[in-house]
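Asks: Handing over model_33.txt, compact mmCIF, C-alpha atoms.
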```txt
# COMPACT_ATOMS: atom_id res chain seq x y z
CA MET A 1 88.13 -125.18 2.82
CA SER A 2 91.76 -124.37 3.64
CA GLY A 3 94.09 -126.80 5.39
CA PHE A 4 94.83 -127.22 9.07
CA GLY A 5 98.10 -125.32 9.26
CA THR A 6 100.90 -127.53 10.58
CA TRP A 7 98.65 -129.93 12.49
CA SER A 8 99.34 -133.66 12.28
CA ALA A 9 96.76 -136.16 10.97
CA GLU A 10 96.24 -137.46 14.53
CA GLU A 11 95.53 -133.97 15.81
CA ILE A 12 93.01 -133.36 13.02
CA ALA A 13 91.27 -136.69 13.74
CA ALA A 14 91.12 -135.86 17.47
CA VAL A 15 89.65 -132.42 16.69
CA GLN A 16 87.02 -134.01 14.44
CA ARG A 17 86.04 -136.46 17.18
CA GLU A 18 85.80 -133.64 19.73
CA LEU A 19 83.63 -131.54 17.43
CA GLU A 20 81.33 -134.47 16.63
CA ALA A 21 80.88 -135.16 20.35
CA TYR A 22 80.03 -131.48 20.90
CA VAL A 23 77.51 -131.48 18.02
CA ARG A 24 75.92 -134.70 19.27
CA ARG A 25 75.28 -132.94 22.59
CA ILE A 26 73.40 -130.27 20.66
CA VAL A 27 71.25 -132.56 18.54
CA CYS A 28 70.45 -135.25 21.12
CA THR A 29 66.84 -134.18 21.51
CA PRO A 30 63.83 -136.52 21.19
CA VAL A 31 62.21 -133.92 18.96
CA LEU A 32 64.56 -134.83 16.09
CA THR A 33 64.41 -138.20 14.34
CA ARG A 34 67.62 -140.25 14.02
CA ARG A 35 67.85 -139.30 10.37
CA GLU A 36 67.49 -135.61 11.20
CA GLN A 37 70.09 -135.94 13.97
CA ALA A 38 72.55 -137.52 11.51
CA ASP A 39 71.89 -134.74 8.97
CA TRP A 40 72.33 -131.98 11.54
CA THR A 41 75.50 -133.61 12.92
CA ALA A 42 77.08 -133.81 9.46
CA GLU A 43 76.15 -130.21 8.62
CA MET A 44 77.20 -128.65 11.93
CA THR A 45 80.44 -130.66 12.13
CA ALA A 46 81.36 -129.51 8.62
CA HIS A 47 80.76 -125.92 9.72
CA LEU A 48 82.92 -126.28 12.84
CA LEU A 49 85.72 -128.04 10.94
CA GLU A 50 85.79 -125.19 8.44
CA GLN A 51 85.94 -122.68 11.28
CA VAL A 52 88.67 -124.62 13.10
CA SER A 53 90.74 -124.85 9.91
CA GLN A 54 90.56 -121.04 9.62
CA PHE A 55 91.86 -120.69 13.18
CA ALA A 56 94.59 -123.27 12.45
CA ASP A 57 95.73 -121.18 9.49
CA ARG A 58 96.04 -118.23 11.86
CA GLY A 59 98.45 -120.27 13.98
CA GLN A 60 96.18 -121.44 16.79
CA THR A 61 96.81 -124.81 18.49
CA PRO A 62 94.12 -127.53 18.16
CA ASP A 63 92.87 -126.89 21.70
CA GLU A 64 92.67 -123.13 21.16
CA ALA A 65 90.96 -123.49 17.78
CA VAL A 66 88.36 -125.95 19.05
CA ALA A 67 87.58 -123.84 22.13
CA HIS A 68 87.30 -120.71 19.96
CA ALA A 69 85.02 -122.40 17.38
CA ILE A 70 82.79 -123.89 20.08
CA HIS A 71 82.53 -120.53 21.83
CA GLN A 72 81.39 -118.89 18.58
CA PHE A 73 78.94 -121.69 17.83
CA GLY A 74 77.03 -121.50 21.11
CA VAL A 75 76.09 -123.32 24.32
CA PRO A 76 74.68 -126.85 23.58
CA ARG A 77 71.78 -126.55 26.02
CA GLU A 78 70.63 -123.22 24.54
CA LEU A 79 71.02 -124.48 20.98
CA ARG A 80 69.10 -127.65 21.81
CA ARG A 81 66.29 -125.57 23.25
CA GLN A 82 66.25 -123.44 20.11
CA ILE A 83 66.19 -126.53 17.88
CA ASP A 84 63.19 -127.87 19.83
CA ARG A 85 61.34 -124.58 19.61
CA GLU A 86 62.05 -123.95 15.94
CA ALA A 87 61.39 -127.55 14.88
CA LEU A 88 58.03 -127.74 16.66
CA GLY A 89 56.93 -124.13 16.47
CA TYR A 90 56.49 -123.96 20.25
CA PRO A 91 58.21 -125.34 23.37
CA PRO A 92 57.94 -129.17 23.56
CA SER A 93 56.80 -128.93 27.19
CA VAL A 94 53.58 -127.24 25.98
CA LEU A 95 52.91 -130.10 23.57
CA LEU A 96 53.65 -132.66 26.26
CA ILE A 97 51.24 -130.99 28.71
CA VAL A 98 48.48 -130.87 26.06
CA ALA A 99 49.12 -134.58 25.26
CA CYS A 100 48.93 -135.44 29.00
CA ILE A 101 45.62 -133.57 29.29
CA GLY A 102 44.39 -135.68 26.36
CA VAL A 103 45.43 -138.92 28.14
CA VAL A 104 43.72 -137.83 31.39
CA LEU A 105 40.52 -136.93 29.51
CA LEU A 106 40.69 -140.24 27.62
CA LEU A 107 40.89 -142.17 30.89
CA CYS A 108 38.09 -140.03 32.39
CA SER A 109 35.88 -140.64 29.36
CA LEU A 110 36.51 -144.40 29.51
CA TYR A 111 35.71 -144.36 33.23
CA ALA A 112 32.56 -142.35 32.49
CA LEU A 113 31.43 -144.95 29.95
CA TYR A 114 31.86 -147.61 32.60
CA TRP A 115 29.54 -145.59 34.85
CA ALA A 116 27.05 -145.14 32.02
CA VAL A 117 26.18 -148.84 31.89
CA PRO A 118 24.18 -149.91 34.99
CA PRO A 119 25.40 -153.05 36.83
CA VAL A 120 23.79 -156.51 36.53
CA PRO A 121 20.05 -155.64 36.39
CA SER A 122 18.92 -158.72 38.36
CA MET A 123 20.94 -157.65 41.41
CA GLU A 124 19.10 -154.30 41.63
CA ILE A 125 22.11 -152.37 42.81
CA PRO A 126 21.34 -148.64 43.21
CA TRP A 127 23.23 -146.83 40.46
CA HIS A 128 23.71 -143.09 40.58
CA PRO A 129 26.50 -141.92 38.28
CA PRO A 130 28.11 -138.63 39.32
CA ARG A 131 26.94 -135.57 37.40
CA TRP A 132 30.27 -135.06 35.61
CA VAL A 133 29.80 -138.43 33.90
CA SER A 134 27.08 -136.96 31.69
CA LEU A 135 29.68 -134.56 30.26
CA PHE A 136 31.47 -137.54 28.76
CA THR A 137 28.54 -139.77 27.92
CA GLN A 138 26.20 -137.12 26.48
CA GLY A 139 28.38 -134.12 25.69
CA PHE A 140 29.89 -134.34 22.22
CA PRO A 141 33.46 -133.07 22.64
CA LEU A 142 34.56 -135.46 25.35
CA SER A 143 34.05 -138.86 23.74
CA PRO A 144 36.91 -141.38 24.20
CA SER A 145 37.41 -141.54 20.42
CA LEU A 146 38.01 -137.81 20.19
CA MET A 147 40.23 -137.83 23.27
CA LEU A 148 42.32 -140.62 21.71
CA ALA A 149 42.51 -138.59 18.48
CA TRP A 150 43.62 -135.55 20.52
CA THR A 151 46.39 -137.53 22.26
CA LEU A 152 47.64 -139.14 19.05
CA ALA A 153 47.54 -135.79 17.25
CA CYS A 154 49.74 -134.29 20.00
CA LEU A 155 52.23 -137.15 19.59
CA ALA A 156 52.22 -136.75 15.80
CA MET A 157 52.85 -133.00 16.28
CA PHE A 158 56.31 -133.92 17.62
CA ARG A 159 57.16 -134.82 14.02
CA CYS A 160 55.61 -131.69 12.50
CA ARG A 161 58.13 -129.20 11.18
CA SER A 162 55.98 -126.48 9.60
CA ARG A 163 52.59 -124.83 9.76
CA ARG A 164 51.60 -126.96 6.78
CA ASP A 165 52.38 -130.16 8.72
CA ARG A 166 50.32 -128.96 11.67
CA GLY A 167 47.55 -128.07 9.22
CA GLY A 168 47.67 -131.63 7.86
CA ILE A 169 47.10 -133.07 11.33
CA GLY A 170 44.30 -130.54 11.88
CA VAL A 171 42.61 -131.48 8.59
CA THR A 172 42.73 -135.18 9.53
CA ILE A 173 41.20 -134.59 12.95
CA LEU A 174 38.55 -132.35 11.37
CA LEU A 175 37.64 -135.03 8.82
CA PHE A 176 37.34 -137.72 11.49
CA ALA A 177 35.34 -135.38 13.74
CA CYS A 178 32.96 -134.45 10.89
CA ALA A 179 32.48 -138.14 10.03
CA TRP A 180 31.81 -138.90 13.69
CA ILE A 181 29.33 -136.02 14.10
CA GLY A 182 27.69 -137.00 10.80
CA GLN A 183 27.10 -140.59 11.82
CA ARG A 184 25.81 -139.46 15.25
CA ALA A 185 23.46 -136.90 13.70
CA LEU A 186 22.19 -139.05 10.83
CA HIS A 187 22.25 -142.37 12.75
CA THR A 188 23.80 -143.98 9.67
CA PRO A 189 27.36 -145.25 9.60
CA SER A 190 28.50 -143.49 6.44
CA LEU A 191 31.80 -142.27 4.93
CA GLY A 192 33.53 -145.61 4.87
CA ALA A 193 31.73 -146.74 8.06
CA THR A 194 33.03 -143.57 9.68
CA LEU A 195 36.46 -144.28 8.26
CA THR A 196 36.21 -147.91 9.33
CA PHE A 197 36.78 -147.66 13.02
CA TYR A 198 33.85 -147.27 15.35
CA GLY A 199 33.56 -150.28 17.61
CA ALA A 200 30.31 -148.82 18.87
CA MET A 201 28.86 -149.46 15.41
CA GLY A 202 29.73 -153.14 15.58
CA PRO A 203 32.67 -155.02 14.11
CA VAL A 204 33.80 -154.00 10.66
CA HIS A 205 34.08 -156.75 8.06
CA LEU A 206 36.81 -156.96 5.45
CA LEU A 207 34.44 -157.38 2.51
CA ASP A 208 32.02 -154.75 3.75
CA PRO A 209 31.88 -152.13 0.95
CA ALA A 210 32.02 -149.41 3.61
CA PHE A 211 35.32 -150.81 4.91
CA LEU A 212 36.81 -150.90 1.43
CA ALA A 213 35.54 -147.38 0.78
CA GLY A 214 37.05 -146.26 4.10
CA CYS A 215 40.45 -147.78 3.21
CA THR A 216 40.35 -146.12 -0.22
CA ILE A 217 39.52 -142.74 1.32
CA LEU A 218 42.33 -143.11 3.88
CA PHE A 219 44.78 -144.11 1.13
CA GLY A 220 43.76 -141.10 -0.98
CA LEU A 221 43.94 -138.81 2.04
CA GLY A 222 47.46 -140.09 2.82
CA LEU A 223 48.61 -139.34 -0.73
CA ALA A 224 46.98 -135.90 -0.70
CA LEU A 225 48.60 -135.05 2.64
CA TYR A 226 52.00 -136.18 1.35
CA ARG A 227 51.63 -134.01 -1.74
CA TRP A 228 50.75 -131.07 0.48
CA THR A 229 53.23 -131.53 3.34
CA GLN A 230 55.88 -134.03 2.09
CA ASN A 231 55.97 -135.24 5.70
CA ARG A 232 55.64 -139.03 6.04
CA ILE A 233 54.36 -139.05 9.62
CA VAL A 234 51.65 -136.48 8.86
CA SER A 235 50.63 -138.42 5.74
CA LEU A 236 50.42 -141.74 7.59
CA PHE A 237 48.51 -140.20 10.48
CA PRO A 238 44.95 -140.83 9.09
CA ILE A 239 45.46 -144.56 8.60
CA ALA A 240 47.30 -144.91 11.94
CA LEU A 241 44.48 -143.04 13.67
CA SER A 242 41.92 -145.35 12.03
CA VAL A 243 43.73 -148.44 13.37
CA ALA A 244 44.10 -146.98 16.87
CA GLU A 245 40.44 -145.93 17.00
CA GLY A 246 39.36 -149.33 15.74
CA LEU A 247 41.21 -151.01 18.60
CA LEU A 248 40.01 -148.63 21.33
CA PHE A 249 36.60 -150.17 22.07
CA PRO A 250 37.53 -153.86 21.66
CA VAL A 251 40.46 -153.34 24.07
CA ARG A 252 38.34 -151.32 26.50
CA ASN A 253 35.58 -153.95 26.46
CA ALA A 254 38.07 -156.78 26.91
CA ALA A 255 39.70 -154.99 29.87
CA GLN A 256 36.35 -154.35 31.57
CA ALA A 257 35.12 -157.92 30.98
CA ALA A 258 38.39 -159.29 32.36
CA LEU A 259 38.08 -157.07 35.44
CA TYR A 260 34.48 -158.27 35.96
CA HIS A 261 35.55 -161.92 35.83
CA LEU A 262 38.54 -161.23 38.06
CA THR A 263 36.81 -159.25 40.79
CA GLY A 264 33.18 -160.36 40.42
CA ASN A 265 32.19 -156.75 41.00
CA PRO A 266 28.67 -156.42 39.48
CA ALA A 267 29.33 -152.75 38.67
CA LEU A 268 31.82 -153.88 36.05
CA TRP A 269 29.23 -156.00 34.26
CA GLY A 270 27.96 -154.92 30.89
CA HIS A 271 30.71 -155.51 28.35
CA TRP A 272 31.42 -158.60 26.38
CA ASN A 273 35.03 -159.52 25.70
CA PRO A 274 35.26 -159.52 21.89
CA PHE A 275 38.47 -161.54 22.01
CA THR A 276 36.65 -164.67 23.24
CA ASP A 277 34.96 -165.16 19.87
CA THR A 278 37.27 -166.57 17.19
CA PHE A 279 35.30 -165.05 14.31
CA THR A 280 35.42 -161.57 15.83
CA VAL A 281 39.13 -161.88 16.62
CA LEU A 282 39.80 -162.96 13.05
CA GLN A 283 37.78 -160.06 11.66
CA LEU A 284 39.66 -157.67 13.89
CA ILE A 285 43.06 -159.06 12.89
CA ILE A 286 42.16 -159.08 9.20
CA THR A 287 40.82 -155.52 9.19
CA VAL A 288 43.85 -154.25 11.13
CA ALA A 289 46.16 -156.18 8.78
CA ALA A 290 44.35 -154.74 5.75
CA ARG A 291 44.94 -151.21 7.04
CA ALA A 292 48.54 -152.09 7.94
CA MET A 293 48.98 -153.11 4.31
CA VAL A 294 47.60 -149.77 3.14
CA LEU A 295 50.02 -148.10 5.58
CA GLY A 296 52.93 -150.17 4.24
CA LEU A 297 51.99 -149.36 0.65
CA LEU A 298 51.86 -145.64 1.43
CA LEU A 299 55.21 -145.79 3.23
CA ALA A 300 56.83 -147.54 0.26
CA LEU A 301 55.41 -144.89 -2.09
CA PHE A 302 56.62 -142.04 0.14
CA ARG A 303 60.12 -143.53 0.29
CA ARG A 304 60.17 -143.71 -3.49
CA PHE A 305 58.93 -140.12 -3.85
CA ASP A 306 61.57 -138.94 -1.33
CA ARG A 307 64.31 -140.74 -3.27
CA GLN A 308 63.13 -139.22 -6.55
CA ARG A 309 63.07 -135.76 -4.98
CA GLY A 310 66.60 -136.23 -3.59
CA ASP A 311 67.84 -137.37 -7.02
CA ARG A 312 66.23 -134.35 -8.68
CA ALA A 313 67.84 -131.96 -6.15
CA SER A 314 71.27 -133.57 -6.66
CA ALA A 315 70.90 -133.37 -10.44
CA GLN A 316 69.95 -129.68 -10.21
CA ALA A 317 72.92 -129.00 -7.89
CA ALA A 318 75.28 -130.77 -10.29
CA MET B 319 71.71 -105.29 22.45
CA HIS B 320 73.64 -106.69 19.53
CA ARG B 321 71.97 -110.11 19.63
CA ASP B 322 68.59 -108.52 20.30
CA MET B 323 69.03 -106.32 17.25
CA LEU B 324 69.29 -109.39 15.06
CA LYS B 325 66.46 -111.25 16.80
CA GLY B 326 63.30 -111.09 14.74
CA HIS B 327 65.26 -110.24 11.59
CA VAL B 328 67.29 -113.43 11.22
CA ASP B 329 64.84 -114.80 8.63
CA ALA B 330 65.07 -111.64 6.53
CA VAL B 331 68.87 -111.51 6.79
CA VAL B 332 69.28 -115.18 5.81
CA LEU B 333 66.80 -114.93 2.92
CA ALA B 334 68.48 -111.74 1.68
CA ILE B 335 71.87 -113.49 1.64
CA LEU B 336 70.37 -116.47 -0.20
CA SER B 337 68.76 -114.13 -2.75
CA ARG B 338 72.31 -113.46 -4.00
CA GLY B 339 72.86 -117.15 -4.75
CA ASP B 340 72.99 -120.63 -3.23
CA THR B 341 75.26 -120.88 -0.23
CA TYR B 342 75.85 -122.87 2.98
CA GLY B 343 75.63 -122.25 6.73
CA TYR B 344 79.24 -121.34 7.41
CA ALA B 345 79.33 -118.84 4.54
CA ILE B 346 76.04 -117.27 5.68
CA ALA B 347 77.34 -116.83 9.25
CA LYS B 348 80.58 -115.36 7.93
CA GLN B 349 78.70 -112.92 5.69
CA VAL B 350 76.47 -111.76 8.56
CA ASN B 351 79.44 -111.19 10.87
CA ASP B 352 81.65 -109.61 8.19
CA ARG B 353 79.08 -107.38 6.50
CA SER B 354 77.73 -106.06 9.81
CA GLU B 355 81.32 -105.06 10.72
CA GLY B 356 81.02 -106.81 14.06
CA VAL B 357 77.93 -104.82 15.11
CA LEU B 358 75.69 -107.90 14.90
CA SER B 359 77.19 -110.91 16.64
CA LEU B 360 75.46 -114.05 15.43
CA LYS B 361 75.97 -117.21 17.49
CA GLU B 362 76.65 -119.47 14.53
CA GLY B 363 74.81 -122.46 15.94
CA THR B 364 71.54 -120.52 16.03
CA LEU B 365 71.61 -120.28 12.26
CA TYR B 366 70.89 -123.96 11.63
CA PRO B 367 67.53 -124.25 13.45
CA CYS B 368 66.51 -121.13 11.54
CA LEU B 369 67.63 -122.57 8.18
CA ARG B 370 65.81 -125.85 8.83
CA ARG B 371 62.64 -124.00 9.79
CA LEU B 372 62.81 -121.91 6.62
CA GLU B 373 63.29 -125.15 4.68
CA ALA B 374 60.30 -126.80 6.37
CA GLU B 375 58.17 -123.75 5.55
CA GLY B 376 59.25 -124.05 1.89
CA TYR B 377 61.13 -120.74 1.75
CA VAL B 378 64.48 -122.38 1.02
CA GLU B 379 65.52 -125.74 -0.40
CA GLY B 380 68.50 -127.62 1.02
CA TYR B 381 70.77 -130.01 -0.86
CA TRP B 382 74.14 -131.66 -0.20
CA GLY B 383 77.00 -130.38 -2.32
CA GLY B 384 80.01 -132.35 -3.58
CA ASP B 385 82.77 -133.33 -1.17
CA ASP B 386 85.75 -132.60 -3.39
CA ASP B 387 87.26 -130.20 -0.82
CA GLY B 388 86.84 -131.22 2.83
CA PRO B 389 83.57 -132.24 4.52
CA ARG B 390 80.30 -132.19 2.59
CA ARG B 391 78.45 -128.90 2.75
CA ARG B 392 74.71 -128.54 2.79
CA TYR B 393 73.73 -125.76 0.41
CA TYR B 394 70.54 -123.75 0.54
CA ALA B 395 68.68 -122.16 -2.37
CA LEU B 396 65.92 -119.57 -2.18
CA THR B 397 62.58 -120.79 -3.57
CA ASP B 398 59.91 -118.66 -5.27
CA ARG B 399 57.93 -118.80 -2.05
CA GLY B 400 60.99 -117.60 -0.15
CA ARG B 401 61.49 -114.73 -2.61
CA LYS B 402 57.91 -113.57 -2.01
CA HIS B 403 58.40 -113.89 1.75
CA LEU B 404 61.58 -111.83 1.54
CA GLU B 405 59.72 -109.07 -0.31
CA HIS B 406 57.11 -109.10 2.43
CA LEU B 407 59.80 -108.91 5.16
CA ARG B 408 61.58 -106.09 3.32
CA ALA B 409 58.34 -104.11 3.10
CA ALA B 410 57.66 -104.66 6.82
CA TRP B 411 61.23 -103.56 7.63
CA SER B 412 60.80 -100.34 5.58
CA VAL B 413 57.65 -99.46 7.53
CA GLN B 414 59.37 -100.22 10.85
CA GLN B 415 62.41 -98.15 9.89
CA ARG B 416 60.22 -95.19 8.83
CA VAL B 417 58.14 -95.26 12.02
CA ILE B 418 61.08 -95.66 14.41
CA GLY B 419 63.00 -92.98 12.50
CA ARG B 420 60.10 -90.57 12.82
CA LEU B 421 59.74 -91.29 16.55
CA LEU B 422 63.42 -90.76 17.20
CA GLU B 423 63.39 -87.49 15.26
CA GLU B 424 60.43 -86.27 17.30
CA GLY B 425 62.33 -87.24 20.45
CA ASN B 426 65.26 -85.08 19.37
CA ALA B 427 63.10 -82.10 18.46
```
Would you mind giving the structure from this file in structure tokens?
Replies:
Amino acid sequence: MSGFGTWSAEEIAAVQRELEAYVRRIVCTPVLTRREQADWTAEMTAHLLEQVSQFADRGQTPDEAVAHAIHQFGVPRELRRQIDREALGYPPSVLLIVACIGVVLLLCSLYALYWAVPPVPSMEIPWHPPRWVSLFTQGFPLSPSLMLAWTLACLAMFRCRSRRDRGGIGVTILLFACAWIGQRALHTPSLGATLTFYGAMGPVHLLDPAFLAGCTILFGLGLALYRWTQNRIVSLFPIALSVAEGLLFPVRNAAQAALYHLTGNPALWGHWNPFTDTFTVLQLIITVAARAMVLGLLLALFRRFDRQRGDRASAQAA
Amino acid sequence: MHRDMLKGHVDAVVLAILSRGDTYGYAIAKQVNDRSEGVLSLKEGTLYPCLRRLEAEGYVEGYWGGDDDGPRRRYYALTDRGRKHLEHLRAAWSVQQRVIGRLLEEGNA
């Protein structure tokens, strides 16, 4: 890079600050992580400084050079929109709408499950669930677990940067869906107790071989996804999904039981609050903590792999 | 027209420049603007989302260079996957060029 003509050190520092502020306006999008934003800022600022120094050599004043460089670089709003589109593969608004549909369907499916359980039998309250409820309680694709998986997958997609990343999320959802269909079809909780989460199958115990098998499969899947995508969020998605799914039914049951006790409405009867039993709470905490440990172990490994890859790239560049 | 001309071919142009050796964003933008003799006007900022996407897809590999002269530059190198993709884009461009050329000739006839 050439110098900055006859500019003083103060002028150069002021130009650098102005360019950084301009670049920050470009990269301040929730689609990029903080680390990505820092990377982009450093790279784009270096570009603009190089451009400004060229204009300085041609005799332009700091103000002229900065205005010229910024004009050539582009309008922040348009660049931000392009970053969002290119980083995600499609406009973020589309992803947000799909995620919102997932949340609405999740709430509908939870509401439908509440309708599916008749109120206190002794009170003989007439109970006629609306017809749409059967879509959620009998139809396969609209179960709360799958709707939760849909919503979380949409959120994870915000950190996907390539088709491979999106494929990784797709593979995870497919595996969970196959396990879920399998256990529904065969009436046997297999494949690591359906990857260790279904509350409907009863609480999962730490020393249950199925739970250990499920954790091992999720650990292996995380490593395989990292090898394929080198994206930490995508690789941690299976274990995070397992934890979220495991908490869905206990939390739903606790909320409904609390509402029943609060309002006394017999229609809300039918679910036991799992958090009132110390043993169950302990099991829940321990199994979540065990998966959090697997998640932590994977994260530590990914950080190490990333560091090794960075070192290799630097060595090659040198 | 000028920006539209480049649209859809930015990937091919960037990969072709990288096939000549590792380089960084500013140099790529300069090459595009200089070698096209001002016919293609590339808004320089649009280059970076494209480079990062190509990196995420595994077509190029980015690394930070030394900072012995001014701010640190992020260099990009073409990968084997990127080389194959470039060949594919070049073949597609040849077909496009042939077809459009033929249509324009027929229009003149």
Asks: Neighbours of Leu299 (chain A) within 10 Å (all atoms listed in the file; same-chain residues fewer than 2 positions away dropped), as a PDB file with C-alpha atoms, in the coordinates of the input?
Replies:
```pdb
ATOM      1  CA  GLY A 222      47.460-140.090   2.820  1.00  0.00           C
ATOM      2  CA  ARG A 232      55.640-139.030   6.040  1.00  0.00           C
ATOM      3  CA  ILE A 233      54.360-139.050   9.620  1.00  0.00           C
ATOM      4  CA  SER A 235      50.630-138.420   5.740  1.00  0.00           C
ATOM      5  CA  LEU A 236      50.420-141.740   7.590  1.00  0.00           C
ATOM      6  CA  MET A 293      48.980-153.110   4.310  1.00  0.00           C
ATOM      7  CA  VAL A 294      47.600-149.770   3.140  1.00  0.00           C
ATOM      8  CA  LEU A 295      50.020-148.100   5.580  1.00  0.00           C
ATOM      9  CA  GLY A 296      52.930-150.170   4.240  1.00  0.00           C
ATOM     10  CA  LEU A 297      51.990-149.360   0.650  1.00  0.00           C
ATOM     11  CA  LEU A 301      55.410-144.890  -2.090  1.00  0.00           C
ATOM     12  CA  PHE A 302      56.620-142.040   0.140  1.00  0.00           C
ATOM     13  CA  ARG A 303      60.120-143.530   0.290  1.00  0.00           C
ATOM     14  CA  ARG A 304      60.170-143.710  -3.490  1.00  0.00           C
ATOM     15  CA  PHE A 305      58.930-140.120  -3.850  1.00  0.00           C
TER      16      PHE A 305
END
```
Asks: To one decimal in Å, tell me the separation between CA of Leu19 (chain A) and CA of His68 (chain A).
Replies: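 Result for CA of Leu19 (chain A) versus CA of His68 (chain A): 11.7 Å, one decimal.
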Asks: How close does each residue of chain A get to chain B, giving the shortest atom pair and distance in Å to one decimal for every residue with an atom at most 6 Å away, counting only C-alpha atoms, sorted by chain and residue number, as JSON lines?
Replies:
```
{"residue": "A:Ala46", "atom": "CA", "partner": "B:Pro389", "partner_atom": "CA", "distance": 5.4}
{"residue": "A:His47", "atom": "CA", "partner": "B:Tyr344", "partner_atom": "CA", "distance": 5.4}
{"residue": "A:Gln72", "atom": "CA", "partner": "B:Lys361", "partner_atom": "CA", "distance": 5.8}
{"residue": "A:Phe73", "atom": "CA", "partner": "B:Glu362", "partner_atom": "CA", "distance": 4.6}
{"residue": "A:Gly74", "atom": "CA", "partner": "B:Gly363", "partner_atom": "CA", "distance": 5.7}
{"residue": "A:Ile83", "atom": "CA", "partner": "B:Pro367", "partner_atom": "CA", "distance": 5.2}
{"residue": "A:Arg161", "atom": "CA", "partner": "B:Ala374", "partner_atom": "CA", "distance": 5.8}
{"residue": "A:Ser162", "atom": "CA", "partner": "B:Glu375", "partner_atom": "CA", "distance": 5.4}
```
Asks: Would you kindly return, as a list of chain:residue names, each protein, DNA or RNA residue with an atom no farther than 8 Å from any atom of Pro274 (chain A), considering all atoms listed in the file and excluding same-chain residues fewer than 3 positions away?
Replies: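 Answer for this query is A:Pro250, A:Asn253, A:Ala254, A:Asp277, A:Thr280, A:Val281.
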Asks: Neighbouring residues of region 349-351 of chain B were defined as those with any atom within 9 Å, considering only C-alpha atoms; residues of the same chain fewer than 6 positions away were excluded. Please report them as a PyMOL selection string.
Replies: chain B and resi 331-332+335+357-360
Asks: What is the CA of Ala65 (chain A) to CA of Val52 (chain A) distance in Å?
Replies: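 Those two atoms sit 5.3 Å apart.
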Asks: Quick one: pull the distance between CA of Gly3 (chain A) and CA of Gly59 (chain A), Å, one decimal.
Replies: 11.6 Å
Asks: Would you place a box with edges along x, y and z of the file around all atoms of region 247-257 of chain A listed there, add 6 Å to each of its six sides, and report the centre and edge lengths in Å to one decimal, as lines of an AutoDock Vina configuration file?
Replies:
```
center_x = 38.2
center_y = -153.3
center_z = 25.1
size_x = 18.1
size_y = 21.3
size_z = 25.0
```
Asks: Add whatever atoms are absent from region 330-341 of chain B to reach N, CA and C atoms, and provide the output as a PDB file, in the frame of the given file.
Replies:
```pdb
ATOM      1  N   ALA B 330      64.881-112.593   7.633  1.00  0.00           N
ATOM      2  CA  ALA B 330      65.070-111.640   6.530  1.00  0.00           C
ATOM      3  C   ALA B 330      66.534-111.599   6.109  1.00  0.00           C
ATOM      4  N   VAL B 331      67.437-111.586   7.098  1.00  0.00           N
ATOM      5  CA  VAL B 331      68.870-111.510   6.790  1.00  0.00           C
ATOM      6  C   VAL B 331      69.309-112.749   6.003  1.00  0.00           C
ATOM      7  N   VAL B 332      68.885-113.923   6.479  1.00  0.00           N
ATOM      8  CA  VAL B 332      69.280-115.180   5.810  1.00  0.00           C
ATOM      9  C   VAL B 332      68.698-115.237   4.397  1.00  0.00           C
ATOM     10  N   LEU B 333      67.429-114.877   4.255  1.00  0.00           N
ATOM     11  CA  LEU B 333      66.800-114.930   2.920  1.00  0.00           C
ATOM     12  C   LEU B 333      67.466-113.925   1.976  1.00  0.00           C
ATOM     13  N   ALA B 334      67.831-112.761   2.521  1.00  0.00           N
ATOM     14  CA  ALA B 334      68.480-111.740   1.680  1.00  0.00           C
ATOM     15  C   ALA B 334      69.836-112.254   1.180  1.00  0.00           C
ATOM     16  N   ILE B 335      70.569-112.940   2.061  1.00  0.00           N
ATOM     17  CA  ILE B 335      71.870-113.490   1.640  1.00  0.00           C
ATOM     18  C   ILE B 335      71.661-114.559   0.569  1.00  0.00           C
ATOM     19  N   LEU B 336      70.634-115.396   0.778  1.00  0.00           N
ATOM     20  CA  LEU B 336      70.370-116.470  -0.200  1.00  0.00           C
ATOM     21  C   LEU B 336      69.846-115.924  -1.524  1.00  0.00           C
ATOM     22  N   SER B 337      69.276-114.708  -1.497  1.00  0.00           N
ATOM     23  CA  SER B 337      68.760-114.130  -2.750  1.00  0.00           C
ATOM     24  C   SER B 337      69.909-113.795  -3.694  1.00  0.00           C
ATOM     25  N   ARG B 338      71.141-113.748  -3.143  1.00  0.00           N
ATOM     26  CA  ARG B 338      72.310-113.460  -4.000  1.00  0.00           C
ATOM     27  C   ARG B 338      72.884-114.744  -4.605  1.00  0.00           C
ATOM     28  N   GLY B 339      72.369-115.883  -4.189  1.00  0.00           N
ATOM     29  CA  GLY B 339      72.860-117.150  -4.750  1.00  0.00           C
ATOM     30  C   GLY B 339      72.894-118.238  -3.698  1.00  0.00           C
ATOM     31  N   ASP B 340      72.964-119.497  -4.159  1.00  0.00           N
ATOM     32  CA  ASP B 340      72.990-120.630  -3.230  1.00  0.00           C
ATOM     33  C   ASP B 340      74.255-120.555  -2.373  1.00  0.00           C
ATOM     34  N   THR B 341      74.092-120.862  -1.112  1.00  0.00           N
ATOM     35  CA  THR B 341      75.260-120.880  -0.230  1.00  0.00           C
ATOM     36  C   THR B 341      75.002-121.800   0.962  1.00  0.00           C
TER      37      THR B 341
END
```
